file data39.cif (mmCIF, C-alpha atoms and all ligand atoms)
data_structure
loop_
_atom_site.label_atom_id
_atom_site.label_comp_id
_atom_site.auth_asym_id
_atom_site.auth_seq_id
_atom_site.Cartn_x
_atom_site.Cartn_y
_atom_site.Cartn_z
CA MET I 1 59.65 76.48 -43.54
CA ARG I 2 61.01 78.54 -46.44
CA ARG I 3 64.20 80.44 -47.13
CA GLU I 4 63.70 83.68 -49.00
CA ARG I 5 65.69 86.80 -49.76
CA ARG I 6 63.58 89.60 -48.30
CA ARG I 7 63.76 93.39 -48.36
CA VAL I 8 63.98 95.58 -45.26
CA THR I 9 60.91 97.85 -45.19
CA GLY I 10 62.08 99.95 -42.25
CA THR I 11 63.73 100.10 -38.85
CA GLU I 12 62.76 101.85 -35.62
CA GLN I 13 64.56 102.45 -32.35
CA VAL I 14 62.66 101.16 -29.33
CA GLY I 15 64.75 102.09 -26.30
CA PRO I 16 68.10 100.30 -26.84
CA TYR I 17 66.52 97.80 -29.24
CA THR I 18 65.89 97.97 -33.00
CA LEU I 19 62.63 96.88 -34.57
CA LEU I 20 63.63 95.49 -37.98
CA ARG I 21 60.74 95.23 -40.42
CA VAL I 22 60.99 93.02 -43.49
CA ASP I 23 58.63 92.40 -46.37
CA ALA I 24 57.13 88.94 -45.60
CA GLY I 25 56.86 87.88 -49.26
CA GLY I 26 55.84 84.21 -49.30
CA LEU I 27 56.91 83.59 -45.69
CA ASP I 28 54.34 82.39 -43.16
CA ALA I 29 54.73 84.13 -39.77
CA GLY I 30 54.06 80.81 -38.02
CA VAL I 31 52.97 80.55 -34.38
CA PRO I 32 54.15 83.06 -31.75
CA GLY I 33 57.32 81.73 -30.11
CA GLN I 34 58.59 80.25 -33.37
CA PHE I 35 61.67 81.89 -34.80
CA PHE I 36 63.46 82.75 -38.03
CA MET I 37 67.16 82.51 -38.88
CA LEU I 38 68.19 85.93 -40.20
CA GLU I 39 71.29 86.40 -42.33
CA ALA I 40 73.58 88.77 -40.43
CA PRO I 41 75.47 90.81 -43.07
CA GLY I 42 79.20 90.04 -43.03
CA ARG I 43 78.83 87.10 -40.61
CA PRO I 44 79.13 83.44 -41.73
CA LEU I 45 76.19 82.20 -39.63
CA PRO I 46 72.61 83.47 -39.43
CA ARG I 47 71.11 84.51 -36.07
CA PRO I 48 67.84 83.22 -34.53
CA MET I 49 65.15 85.86 -33.93
CA SER I 50 61.56 85.52 -32.69
CA VAL I 51 58.74 87.05 -34.67
CA CYS I 52 57.75 90.18 -32.77
CA LEU I 53 54.99 91.50 -35.02
CA ALA I 54 53.27 90.02 -38.03
CA ALA I 55 50.86 92.22 -39.92
CA ALA I 56 50.00 93.41 -43.41
CA GLY I 57 52.63 91.53 -45.38
CA GLU I 58 55.43 92.34 -42.92
CA LEU I 59 57.44 90.47 -40.31
CA ALA I 60 59.12 92.50 -37.58
CA PHE I 61 61.94 91.42 -35.27
CA LEU I 62 62.95 93.23 -32.07
CA ILE I 63 66.74 93.00 -31.80
CA ASP I 64 69.09 93.69 -28.92
CA PRO I 65 72.51 94.67 -30.35
CA ILE I 66 74.69 92.59 -28.02
CA GLY I 67 77.35 91.33 -30.46
CA PRO I 68 78.59 91.48 -34.06
CA GLY I 69 75.65 89.61 -35.63
CA THR I 70 72.90 91.52 -33.88
CA ARG I 71 74.73 94.83 -34.47
CA ALA I 72 74.95 94.02 -38.20
CA LEU I 73 71.21 93.27 -38.27
CA CYS I 74 70.41 96.50 -36.42
CA SER I 75 72.44 98.53 -38.93
CA LEU I 76 70.42 97.29 -41.92
CA GLU I 77 68.62 100.06 -43.76
CA ARG I 78 65.36 100.27 -45.67
CA GLY I 79 65.72 98.69 -49.12
CA GLU I 80 68.61 96.36 -48.16
CA GLU I 81 68.05 92.62 -48.50
CA LEU I 82 68.78 89.59 -46.34
CA HIS I 83 68.07 85.87 -46.36
CA VAL I 84 65.34 84.82 -43.94
CA LEU I 85 64.58 81.17 -43.06
CA GLY I 86 61.54 79.99 -41.11
CA PRO I 87 59.28 79.70 -39.27
CA LEU I 88 61.26 77.24 -37.13
CA GLY I 89 60.87 75.33 -33.87
CA ASN I 90 57.83 74.93 -31.63
CA GLY I 91 55.89 78.02 -30.60
CA PHE I 92 53.50 78.61 -27.71
CA GLU I 93 50.41 76.43 -27.30
CA LEU I 94 47.57 78.92 -27.80
CA GLU I 95 44.69 76.83 -26.41
CA VAL I 96 44.87 78.28 -22.89
CA GLU I 97 42.06 79.48 -20.61
CA ARG I 98 43.64 82.27 -18.54
CA PRO I 99 46.75 83.51 -20.36
CA LEU I 100 49.26 85.67 -18.50
CA LEU I 101 52.27 86.79 -20.55
CA VAL I 102 55.54 87.27 -18.68
CA GLY I 103 58.62 88.82 -20.30
CA GLY I 104 62.02 90.01 -19.23
CA GLY I 105 64.29 92.34 -21.23
CA ILE I 106 64.69 91.37 -24.88
CA GLY I 107 62.64 88.28 -23.95
CA ILE I 108 59.57 90.41 -24.60
CA ALA I 109 60.36 90.07 -28.35
CA PRO I 110 57.77 87.33 -29.11
CA LEU I 111 55.09 88.80 -26.80
CA PRO I 112 53.51 91.45 -29.09
CA PHE I 113 52.69 88.73 -31.69
CA LEU I 114 51.56 86.36 -28.91
CA SER I 115 49.39 89.07 -27.34
CA GLN I 116 47.76 89.77 -30.70
CA ARG I 117 46.97 86.07 -31.25
CA LEU I 118 45.51 85.69 -27.72
CA GLY I 119 43.37 88.85 -27.78
CA ASN I 120 45.59 91.12 -25.63
CA PRO I 121 45.65 89.22 -22.32
CA PRO I 122 47.36 90.75 -19.23
CA ALA I 123 51.15 90.85 -19.26
CA ILE I 124 53.90 91.41 -16.69
CA LEU I 125 57.15 92.79 -18.08
CA GLY I 126 60.47 93.45 -16.35
CA PHE I 127 63.42 95.53 -17.52
CA ARG I 128 66.86 96.61 -16.36
CA THR I 129 66.28 100.35 -16.83
CA ASP I 130 63.54 102.79 -17.85
CA TRP I 131 65.27 103.05 -21.24
CA HIS I 132 64.90 99.28 -21.82
CA ALA I 133 61.30 99.52 -20.55
CA GLU I 134 60.36 101.69 -23.55
CA ALA I 135 59.84 98.35 -25.34
CA ALA I 136 56.84 97.68 -23.08
CA ALA I 137 54.85 99.98 -25.39
CA LEU I 138 54.78 97.09 -27.89
CA VAL I 139 52.77 94.85 -25.51
CA PRO I 140 49.18 95.96 -24.75
CA ASN I 141 47.73 95.55 -21.25
CA ALA I 142 51.13 95.26 -19.55
CA GLU I 143 52.19 95.91 -15.97
CA VAL I 144 55.83 96.98 -16.05
CA CYS I 145 58.59 96.81 -13.43
CA VAL I 146 62.18 97.98 -13.50
CA GLU I 147 65.04 96.51 -11.42
CA PRO I 148 65.47 96.13 -8.51
CA THR I 149 61.85 94.90 -8.78
CA TYR I 150 61.57 91.56 -10.60
CA VAL I 151 58.59 90.22 -12.55
CA THR I 152 58.23 87.34 -10.10
CA GLU I 153 57.33 89.90 -7.41
CA LEU I 154 54.32 91.00 -9.49
CA LEU I 155 53.16 87.46 -10.22
CA PRO I 156 49.80 86.70 -8.54
CA ASP I 157 49.55 83.52 -6.41
CA ASP I 158 47.09 82.02 -8.87
CA ALA I 159 48.95 83.05 -12.02
CA GLY I 160 46.83 81.05 -14.51
CA ASP I 161 48.37 79.96 -17.80
CA VAL I 162 51.78 81.61 -17.86
CA LEU I 163 53.52 82.02 -21.23
CA ALA I 164 56.99 83.48 -20.74
CA CYS I 165 60.21 84.48 -22.42
CA GLY I 166 63.22 86.08 -20.79
CA PRO I 167 66.60 85.53 -19.20
CA GLU I 168 67.40 82.10 -17.77
CA PRO I 169 67.19 83.10 -14.08
CA MET I 170 63.70 84.52 -14.67
CA LEU I 171 62.58 81.32 -16.43
CA ALA I 172 64.10 79.18 -13.67
CA ALA I 173 62.19 81.17 -11.02
CA LEU I 174 58.95 80.85 -12.99
CA ARG I 175 59.48 77.11 -13.41
CA GLU I 176 59.50 76.78 -9.61
CA ARG I 177 56.39 78.91 -9.13
CA VAL I 178 54.22 77.76 -12.07
CA PRO I 179 54.87 74.11 -13.00
CA HIS I 180 52.68 74.23 -16.14
CA ALA I 181 54.09 77.48 -17.50
CA GLN I 182 55.18 77.57 -21.13
CA LEU I 183 58.71 78.91 -21.23
CA ALA I 184 60.70 80.00 -24.33
CA TRP I 185 64.38 79.13 -23.80
CA GLU I 186 67.49 80.25 -25.67
CA ALA I 187 70.69 78.56 -26.78
CA PRO I 188 73.21 79.63 -29.39
CA MET I 189 72.01 78.23 -32.74
CA ALA I 190 73.95 77.72 -35.97
CA CYS I 191 71.40 76.05 -38.28
CA GLY I 192 67.99 76.38 -36.57
CA TYR I 193 66.51 73.14 -37.99
CA GLY I 194 68.18 70.21 -36.23
CA ALA I 195 71.28 69.62 -38.36
CA CYS I 196 74.24 70.91 -36.31
CA TYR I 197 73.50 69.97 -32.65
CA GLY I 198 74.90 73.39 -31.69
CA CYS I 199 71.83 74.09 -29.57
CA ALA I 200 71.79 70.79 -27.63
CA VAL I 201 70.70 71.23 -24.00
CA GLU I 202 69.99 68.67 -21.28
CA ILE I 203 66.27 68.11 -20.74
CA ASP I 204 65.17 65.41 -18.28
CA GLY I 205 68.69 63.93 -18.37
CA GLU I 206 68.74 63.70 -22.18
CA LEU I 207 70.47 65.92 -24.72
CA LYS I 208 67.83 67.57 -26.91
CA ARG I 209 68.11 70.08 -29.73
CA LEU I 210 66.37 73.21 -28.54
CA CYS I 211 65.66 74.35 -32.11
CA VAL I 212 63.59 71.19 -32.70
CA GLU I 213 62.14 70.37 -29.25
CA GLY I 214 61.72 74.05 -28.33
CA PRO I 215 62.32 76.88 -28.00
CA VAL I 216 59.01 76.76 -26.07
CA LEU I 217 58.91 73.99 -23.44
CA ARG I 218 56.55 73.21 -20.56
CA ALA I 219 58.11 74.05 -17.20
CA ALA I 220 57.18 70.66 -15.73
C1 LIG G 301 64.99 80.83 -30.54
C2 LIG G 301 65.72 82.12 -30.28
C3 LIG G 301 65.04 83.33 -30.48
C4 LIG G 301 65.75 84.53 -30.25
N1 LIG G 301 65.05 85.69 -30.44
C5 LIG G 301 65.70 86.87 -30.28
C6 LIG G 301 65.01 88.09 -30.53
O1 LIG G 301 63.84 88.13 -30.90
N2 LIG G 301 65.73 89.24 -30.35
C7 LIG G 301 67.05 89.24 -29.97
O2 LIG G 301 67.65 90.33 -29.85
N3 LIG G 301 67.70 88.11 -29.71
C8 LIG G 301 67.06 86.92 -29.87
N4 LIG G 301 67.74 85.76 -29.64
C9 LIG G 301 69.18 85.83 -29.23
C10 LIG G 301 70.03 86.17 -30.44
O3 LIG G 301 69.90 85.17 -31.41
C11 LIG G 301 71.51 86.30 -30.00
O4 LIG G 301 71.60 87.42 -29.16
C12 LIG G 301 72.40 86.51 -31.20
O5 LIG G 301 72.46 85.33 -31.96
C13 LIG G 301 73.78 86.95 -30.76
O6 LIG G 301 74.57 87.12 -31.92
P1 LIG G 301 75.74 88.19 -31.96
O7 LIG G 301 76.62 87.86 -33.10
O8 LIG G 301 75.17 89.57 -31.91
O9 LIG G 301 76.49 88.00 -30.60
P2 LIG G 301 77.53 86.84 -30.21
O10 LIG G 301 78.91 87.39 -30.34
O11 LIG G 301 77.17 85.57 -30.92
O12 LIG G 301 77.14 86.67 -28.70
C14 LIG G 301 77.33 87.69 -27.72
C15 LIG G 301 77.22 87.03 -26.36
O13 LIG G 301 75.93 86.43 -26.17
C16 LIG G 301 76.03 85.01 -25.97
N5 LIG G 301 74.94 84.42 -26.76
C17 LIG G 301 74.78 84.50 -28.09
N6 LIG G 301 73.65 83.88 -28.48
C18 LIG G 301 73.08 83.42 -27.37
C19 LIG G 301 71.90 82.71 -27.08
N7 LIG G 301 71.05 82.36 -28.06
N8 LIG G 301 71.64 82.36 -25.81
C20 LIG G 301 72.49 82.70 -24.82
N9 LIG G 301 73.61 83.41 -25.01
C21 LIG G 301 73.92 83.75 -26.26
C22 LIG G 301 77.38 84.64 -26.47
O14 LIG G 301 77.89 83.52 -25.80
C23 LIG G 301 78.19 85.88 -26.17
O15 LIG G 301 78.58 85.93 -24.83
C24 LIG G 301 67.10 84.54 -29.84
C25 LIG G 301 67.76 83.32 -29.65
C26 LIG G 301 67.07 82.14 -29.86
C27 LIG G 301 67.79 80.85 -29.65
S1 LIG G 302 70.72 74.96 -34.16
FE1 LIG G 302 71.52 73.32 -35.32
S2 LIG G 302 70.64 71.61 -34.33
FE2 LIG G 302 69.71 73.25 -33.32
#
call {"tool": "encode", "arguments": {"input": "data39.cif", "output": "structure tokens"}}
result
Amino acid sequence: MRRERRRVTGTEQVGPYTLLRVDAGGLDAGVPGQFFMLEAPGRPLPRPMSVCLAAAGELAFLIDPIGPGTRALCSLERGEELHVLGPLGNGFELEVERPLLVGGGIGIAPLPFLSQRLGNPPAILGFRTDWHAEAAALVPNAEVCVEPTYVTELLPDDAGDVLACGPEPMLAALRERVPHAQLAWEAPMACGYGACYGCAVEIDGELKRLCVEGPVLRAA
């Protein structure tokens, strides 16, 4: 884990999302599913973001502008600088036999990097609208559905090794269907490395810090 001040190398619109590219410098991209805390200009606290793409000295983050911090990150321009801390947390376990990636909405953010590391396995992606579904272009080999169809409707009976990220109801449905699935959960995070307890969630009756124990957890 390192904290560095990095330069924005470019931004792209992908449907309603922004792909923010930063010069990786001395930062290790880590394992897919791990995350970085990005300084959000003008905001006191950084915001957690999954690595979306890691190639050729760059890290890229796919950001949904849902509030002041994410909007500030999406408005960064090429050449501007921000503090970046990571990689943090536990990513996906990559020793799997029959990977099937499942993503919903902005939850597809870690899947391009994951797909690259696993050799482009099949993926099932779900989105609210066709506009949001433009982000599916970042994930090779993907079957895409748009509401009112949900990803769980496309899931085969023998789904194999599911690795998923998406909204809580989607993860809860997958947990029921695939007990050994690897699921990337979210909680609001202030520090990202175990110091503030802001991300504490109840797991098996115990309060655990999602930034340390997760964000990727086994469904069972
Ligand atoms: C490990 C991890 C990885 C993430 N990766 C990405 C990513 O790759 N791309 C991306 O766009 N977003 C990602 N997020 C979510 C992102 O960090 C939040 O959307 C962001 O911090 C919101 O900040 P804001 O100031 O824009 O909005 P805020 O004003 O902080 O929040 C807007 C609304 O969203 C709710 N909210 C904020 N953060 C979360 C959260 N983490 N979980 C549930 N509800 C929340 C708030 O309660 C509020 O209702 C990730 C979160 C985690 C924990
Ligand atoms: S975000 Fe501070 S302990 Fe997890």
call {"tool": "atom_distance", "arguments": {"input": "data39.cif", "atom1": "CA of Lys208 in chain I", "atom2": "CA of Leu59 in chain I"}}
result
28.5 Å
call {"tool": "residues_near_ligand", "arguments": {"input": "data39.cif", "ligand": "ligand LIG 302 (chain G)", "cutoff": "7 Å", "atoms": "all atoms listed in the file", "output": "PDB file with C-alpha atoms, in the coordinates of the input"}}
result
ATOM      1  CA  MET I 189      72.010  78.230 -32.740  1.00  0.00           C
ATOM      2  CA  ALA I 190      73.950  77.720 -35.970  1.00  0.00           C
ATOM      3  CA  CYS I 191      71.400  76.050 -38.280  1.00  0.00           C
ATOM      4  CA  GLY I 192      67.990  76.380 -36.570  1.00  0.00           C
ATOM      5  CA  TYR I 193      66.510  73.140 -37.990  1.00  0.00           C
ATOM      6  CA  GLY I 194      68.180  70.210 -36.230  1.00  0.00           C
ATOM      7  CA  ALA I 195      71.280  69.620 -38.360  1.00  0.00           C
ATOM      8  CA  CYS I 196      74.240  70.910 -36.310  1.00  0.00           C
ATOM      9  CA  TYR I 197      73.500  69.970 -32.650  1.00  0.00           C
ATOM     10  CA  GLY I 198      74.900  73.390 -31.690  1.00  0.00           C
ATOM     11  CA  CYS I 199      71.830  74.090 -29.570  1.00  0.00           C
ATOM     12  CA  ALA I 200      71.790  70.790 -27.630  1.00  0.00           C
ATOM     13  CA  ARG I 209      68.110  70.080 -29.730  1.00  0.00           C
ATOM     14  CA  LEU I 210      66.370  73.210 -28.540  1.00  0.00           C
ATOM     15  CA  CYS I 211      65.660  74.350 -32.110  1.00  0.00           C
ATOM     16  CA  VAL I 212      63.590  71.190 -32.700  1.00  0.00           C
TER      17      VAL I 212
END
call {"tool": "closest_atom_pairs", "arguments": {"input": "data39.cif", "of": "chain I", "to": "ligand LIG 301 (chain G)", "cutoff": "6 Å", "atoms": "only C-alpha atoms and all ligand atoms", "output": "Markdown table"}}
result
| residue | atom | partner | partner_atom | distance |
| --- | --- | --- | --- | --- |
| I:Phe35 | CA | G:LIG301 | C1 | 5.5 |
| I:Arg47 | CA | G:LIG301 | O5 | 4.4 |
| I:Pro48 | CA | G:LIG301 | O3 | 4.2 |
| I:Met49 | CA | G:LIG301 | N1 | 3.5 |
| I:Ser50 | CA | G:LIG301 | O1 | 3.9 |
| I:Phe61 | CA | G:LIG301 | O1 | 5.8 |
| I:Leu62 | CA | G:LIG301 | N2 | 5.2 |
| I:Ile63 | CA | G:LIG301 | O2 | 3.4 |
| I:Asp64 | CA | G:LIG301 | O2 | 3.8 |
| I:Pro65 | CA | G:LIG301 | O8 | 6.0 |
| I:Ile66 | CA | G:LIG301 | O8 | 4.9 |
| I:Gly67 | CA | G:LIG301 | O8 | 3.2 |
| I:Pro68 | CA | G:LIG301 | O7 | 4.2 |
| I:Gly69 | CA | G:LIG301 | O7 | 3.2 |
| I:Thr70 | CA | G:LIG301 | O8 | 3.6 |
| I:Arg71 | CA | G:LIG301 | O8 | 5.9 |
| I:Ile106 | CA | G:LIG301 | O2 | 5.9 |
| I:Ala109 | CA | G:LIG301 | O1 | 4.7 |
| I:Glu186 | CA | G:LIG301 | C27 | 4.0 |
| I:Ala187 | CA | G:LIG301 | N7 | 4.0 |
| I:Pro188 | CA | G:LIG301 | N7 | 3.7 |
| I:Met189 | CA | G:LIG301 | C27 | 5.8 |
| I:Pro215 | CA | G:LIG301 | C1 | 5.4 |
call {"tool": "atom_distance", "arguments": {"input": "data39.cif", "atom1": "CA of Glu134 in chain I", "atom2": "CA of Gln13 in chain I"}}
result
9.8 Å
call {"tool": "atom_distance", "arguments": {"input": "data39.cif", "atom1": "CA of Glu213 in chain I", "atom2": "CA of Leu53 in chain I"}}
result
23.0 Å
call {"tool": "closest_residue", "arguments": {"input": "data39.cif", "among": "I:Val8, I:Val178, I:Ala159, I:Met170", "to": "Glu80 in chain I", "atoms": "all atoms listed in the file"}}
result
I:Val8
call {"tool": "residues_around", "arguments": {"input": "data39.cif", "residues": "Ile108 in chain I", "least_positions_apart": "4", "cutoff": "7 Å", "atoms": "only C-alpha atoms", "output": "list in words"}}
result
Gly103, Gly104, Cys165 and Gly166 of chain I
call {"tool": "residues_near_point", "arguments": {"input": "data39.cif", "point": "(51.6, 99.3, -16.5)", "cutoff": "10 Å", "atoms": "all atoms listed in the file", "output": "mmCIF file with C-alpha atoms, in the coordinates of the input"}}
result
data_model
loop_
_atom_site.group_PDB
_atom_site.id
_atom_site.type_symbol
_atom_site.label_atom_id
_atom_site.label_comp_id
_atom_site.auth_asym_id
_atom_site.auth_seq_id
_atom_site.Cartn_x
_atom_site.Cartn_y
_atom_site.Cartn_z
ATOM 1 C CA PRO I 122 47.360 90.750 -19.230
ATOM 2 C CA ALA I 123 51.150 90.850 -19.260
ATOM 3 C CA ILE I 124 53.900 91.410 -16.690
ATOM 4 C CA LEU I 125 57.150 92.790 -18.080
ATOM 5 C CA ALA I 136 56.840 97.680 -23.080
ATOM 6 C CA ALA I 137 54.850 99.980 -25.390
ATOM 7 C CA PRO I 140 49.180 95.960 -24.750
ATOM 8 C CA ASN I 141 47.730 95.550 -21.250
ATOM 9 C CA ALA I 142 51.130 95.260 -19.550
ATOM 10 C CA GLU I 143 52.190 95.910 -15.970
ATOM 11 C CA VAL I 144 55.830 96.980 -16.050
ATOM 12 C CA CYS I 145 58.590 96.810 -13.430
#
call {"tool": "closest_residue", "arguments": {"input": "data39.cif", "among": "I:Gly15, I:Gly105, I:Pro112, I:Gly10", "to": "Arg128 in chain I", "atoms": "only C-alpha atoms"}}
result
I:Gly105
call {"tool": "closest_residue", "arguments": {"input": "data39.cif", "among": "I:Gly160, I:Pro87, I:Pro121, I:Pro46", "to": "Met1 in chain I", "atoms": "only C-alpha atoms"}}
result
I:Pro87
call {"tool": "closest_residue", "arguments": {"input": "data39.cif", "among": "I:Gly119, I:Gly42, I:Pro110, I:Gly205", "to": "Leu138 in chain I", "atoms": "all atoms listed in the file"}}
result
I:Pro110
call {"tool": "closest_residue", "arguments": {"input": "data39.cif", "among": "I:Val102, I:Val201, I:Leu19, I:Leu114", "to": "Leu76 in chain I", "atoms": "all atoms listed in the file"}}
result
I:Leu19
call {"tool": "build_atoms", "arguments": {"input": "data39.cif", "residues": "range 128-137 of chain I", "atoms": "all heavy atoms", "output": "PDB file, keeping the file's coordinate frame"}}
result
ATOM      1  N   ARG I 128      65.718  96.137 -17.135  1.00  0.00           N
ATOM      2  CA  ARG I 128      66.860  96.610 -16.360  1.00  0.00           C
ATOM      3  C   ARG I 128      66.771  98.093 -16.018  1.00  0.00           C
ATOM      4  O   ARG I 128      67.119  98.520 -14.950  1.00  0.00           O
ATOM      5  CB  ARG I 128      68.133  96.363 -17.192  1.00  0.00           C
ATOM      6  CG  ARG I 128      69.161  95.516 -16.495  1.00  0.00           C
ATOM      7  CD  ARG I 128      70.387  95.340 -17.335  1.00  0.00           C
ATOM      8  NE  ARG I 128      70.110  94.842 -18.667  1.00  0.00           N
ATOM      9  CZ  ARG I 128      70.930  95.026 -19.712  1.00  0.00           C
ATOM     10  NH1 ARG I 128      72.048  95.714 -19.572  1.00  0.00           N
ATOM     11  NH2 ARG I 128      70.643  94.508 -20.877  1.00  0.00           N
ATOM     12  N   THR I 129      66.335  98.890 -17.012  1.00  0.00           N
ATOM     13  CA  THR I 129      66.280 100.350 -16.830  1.00  0.00           C
ATOM     14  C   THR I 129      65.007 100.884 -17.491  1.00  0.00           C
ATOM     15  O   THR I 129      64.371 100.187 -18.285  1.00  0.00           O
ATOM     16  CB  THR I 129      67.477 101.050 -17.513  1.00  0.00           C
ATOM     17  OG1 THR I 129      67.313 100.899 -18.942  1.00  0.00           O
ATOM     18  CG2 THR I 129      68.817 100.460 -17.095  1.00  0.00           C
ATOM     19  N   ASP I 130      64.700 102.157 -17.208  1.00  0.00           N
ATOM     20  CA  ASP I 130      63.540 102.790 -17.850  1.00  0.00           C
ATOM     21  C   ASP I 130      63.719 102.841 -19.366  1.00  0.00           C
ATOM     22  O   ASP I 130      62.751 102.777 -20.123  1.00  0.00           O
ATOM     23  CB  ASP I 130      63.367 104.218 -17.320  1.00  0.00           C
ATOM     24  CG  ASP I 130      62.879 104.213 -15.879  1.00  0.00           C
ATOM     25  OD1 ASP I 130      62.285 103.207 -15.457  1.00  0.00           O
ATOM     26  OD2 ASP I 130      63.117 105.218 -15.182  1.00  0.00           O
ATOM     27  N   TRP I 131      64.982 102.990 -19.789  1.00  0.00           N
ATOM     28  CA  TRP I 131      65.270 103.050 -21.240  1.00  0.00           C
ATOM     29  C   TRP I 131      64.870 101.721 -21.902  1.00  0.00           C
ATOM     30  O   TRP I 131      64.163 101.697 -22.911  1.00  0.00           O
ATOM     31  CB  TRP I 131      66.766 103.341 -21.420  1.00  0.00           C
ATOM     32  CG  TRP I 131      67.182 103.611 -22.837  1.00  0.00           C
ATOM     33  CD1 TRP I 131      66.504 104.347 -23.766  1.00  0.00           C
ATOM     34  CD2 TRP I 131      68.386 103.157 -23.468  1.00  0.00           C
ATOM     35  NE1 TRP I 131      67.216 104.388 -24.941  1.00  0.00           N
ATOM     36  CE2 TRP I 131      68.377 103.662 -24.782  1.00  0.00           C
ATOM     37  CE3 TRP I 131      69.480 102.388 -23.053  1.00  0.00           C
ATOM     38  CZ2 TRP I 131      69.404 103.409 -25.688  1.00  0.00           C
ATOM     39  CZ3 TRP I 131      70.502 102.141 -23.949  1.00  0.00           C
ATOM     40  CH2 TRP I 131      70.465 102.647 -25.248  1.00  0.00           C
ATOM     41  N   HIS I 132      65.301 100.587 -21.294  1.00  0.00           N
ATOM     42  CA  HIS I 132      64.900  99.280 -21.820  1.00  0.00           C
ATOM     43  C   HIS I 132      63.374  99.126 -21.784  1.00  0.00           C
ATOM     44  O   HIS I 132      62.777  98.524 -22.683  1.00  0.00           O
ATOM     45  CB  HIS I 132      65.558  98.155 -21.029  1.00  0.00           C
ATOM     46  CG  HIS I 132      67.049  98.071 -21.197  1.00  0.00           C
ATOM     47  ND1 HIS I 132      67.924  98.866 -20.493  1.00  0.00           N
ATOM     48  CD2 HIS I 132      67.813  97.296 -21.993  1.00  0.00           C
ATOM     49  CE1 HIS I 132      69.161  98.586 -20.859  1.00  0.00           C
ATOM     50  NE2 HIS I 132      69.128  97.633 -21.763  1.00  0.00           N
ATOM     51  N   ALA I 133      62.757  99.694 -20.740  1.00  0.00           N
ATOM     52  CA  ALA I 133      61.300  99.520 -20.550  1.00  0.00           C
ATOM     53  C   ALA I 133      60.482 100.236 -21.608  1.00  0.00           C
ATOM     54  O   ALA I 133      59.271 100.010 -21.701  1.00  0.00           O
ATOM     55  CB  ALA I 133      60.913  99.990 -19.152  1.00  0.00           C
ATOM     56  N   GLU I 134      61.108 101.062 -22.452  1.00  0.00           N
ATOM     57  CA  GLU I 134      60.360 101.690 -23.550  1.00  0.00           C
ATOM     58  C   GLU I 134      59.739 100.627 -24.463  1.00  0.00           C
ATOM     59  O   GLU I 134      58.733 100.856 -25.121  1.00  0.00           O
ATOM     60  CB  GLU I 134      61.270 102.621 -24.374  1.00  0.00           C
ATOM     61  CG  GLU I 134      61.601 103.910 -23.635  1.00  0.00           C
ATOM     62  CD  GLU I 134      62.536 104.814 -24.416  1.00  0.00           C
ATOM     63  OE1 GLU I 134      62.548 104.743 -25.658  1.00  0.00           O
ATOM     64  OE2 GLU I 134      63.264 105.582 -23.766  1.00  0.00           O
ATOM     65  N   ALA I 135      60.360  99.431 -24.486  1.00  0.00           N
ATOM     66  CA  ALA I 135      59.840  98.350 -25.340  1.00  0.00           C
ATOM     67  C   ALA I 135      58.499  97.828 -24.851  1.00  0.00           C
ATOM     68  O   ALA I 135      57.783  97.150 -25.605  1.00  0.00           O
ATOM     69  CB  ALA I 135      60.862  97.209 -25.402  1.00  0.00           C
ATOM     70  N   ALA I 136      58.127  98.147 -23.608  1.00  0.00           N
ATOM     71  CA  ALA I 136      56.840  97.680 -23.080  1.00  0.00           C
ATOM     72  C   ALA I 136      55.680  98.255 -23.888  1.00  0.00           C
ATOM     73  O   ALA I 136      54.585  97.681 -23.903  1.00  0.00           O
ATOM     74  CB  ALA I 136      56.698  98.083 -21.612  1.00  0.00           C
ATOM     75  N   ALA I 137      55.913  99.362 -24.583  1.00  0.00           N
ATOM     76  CA  ALA I 137      54.850  99.980 -25.390  1.00  0.00           C
ATOM     77  C   ALA I 137      54.362  99.039 -26.499  1.00  0.00           C
ATOM     78  O   ALA I 137      53.271  99.218 -27.030  1.00  0.00           O
ATOM     79  CB  ALA I 137      55.349 101.285 -26.000  1.00  0.00           C
TER      80      ALA I 137
END
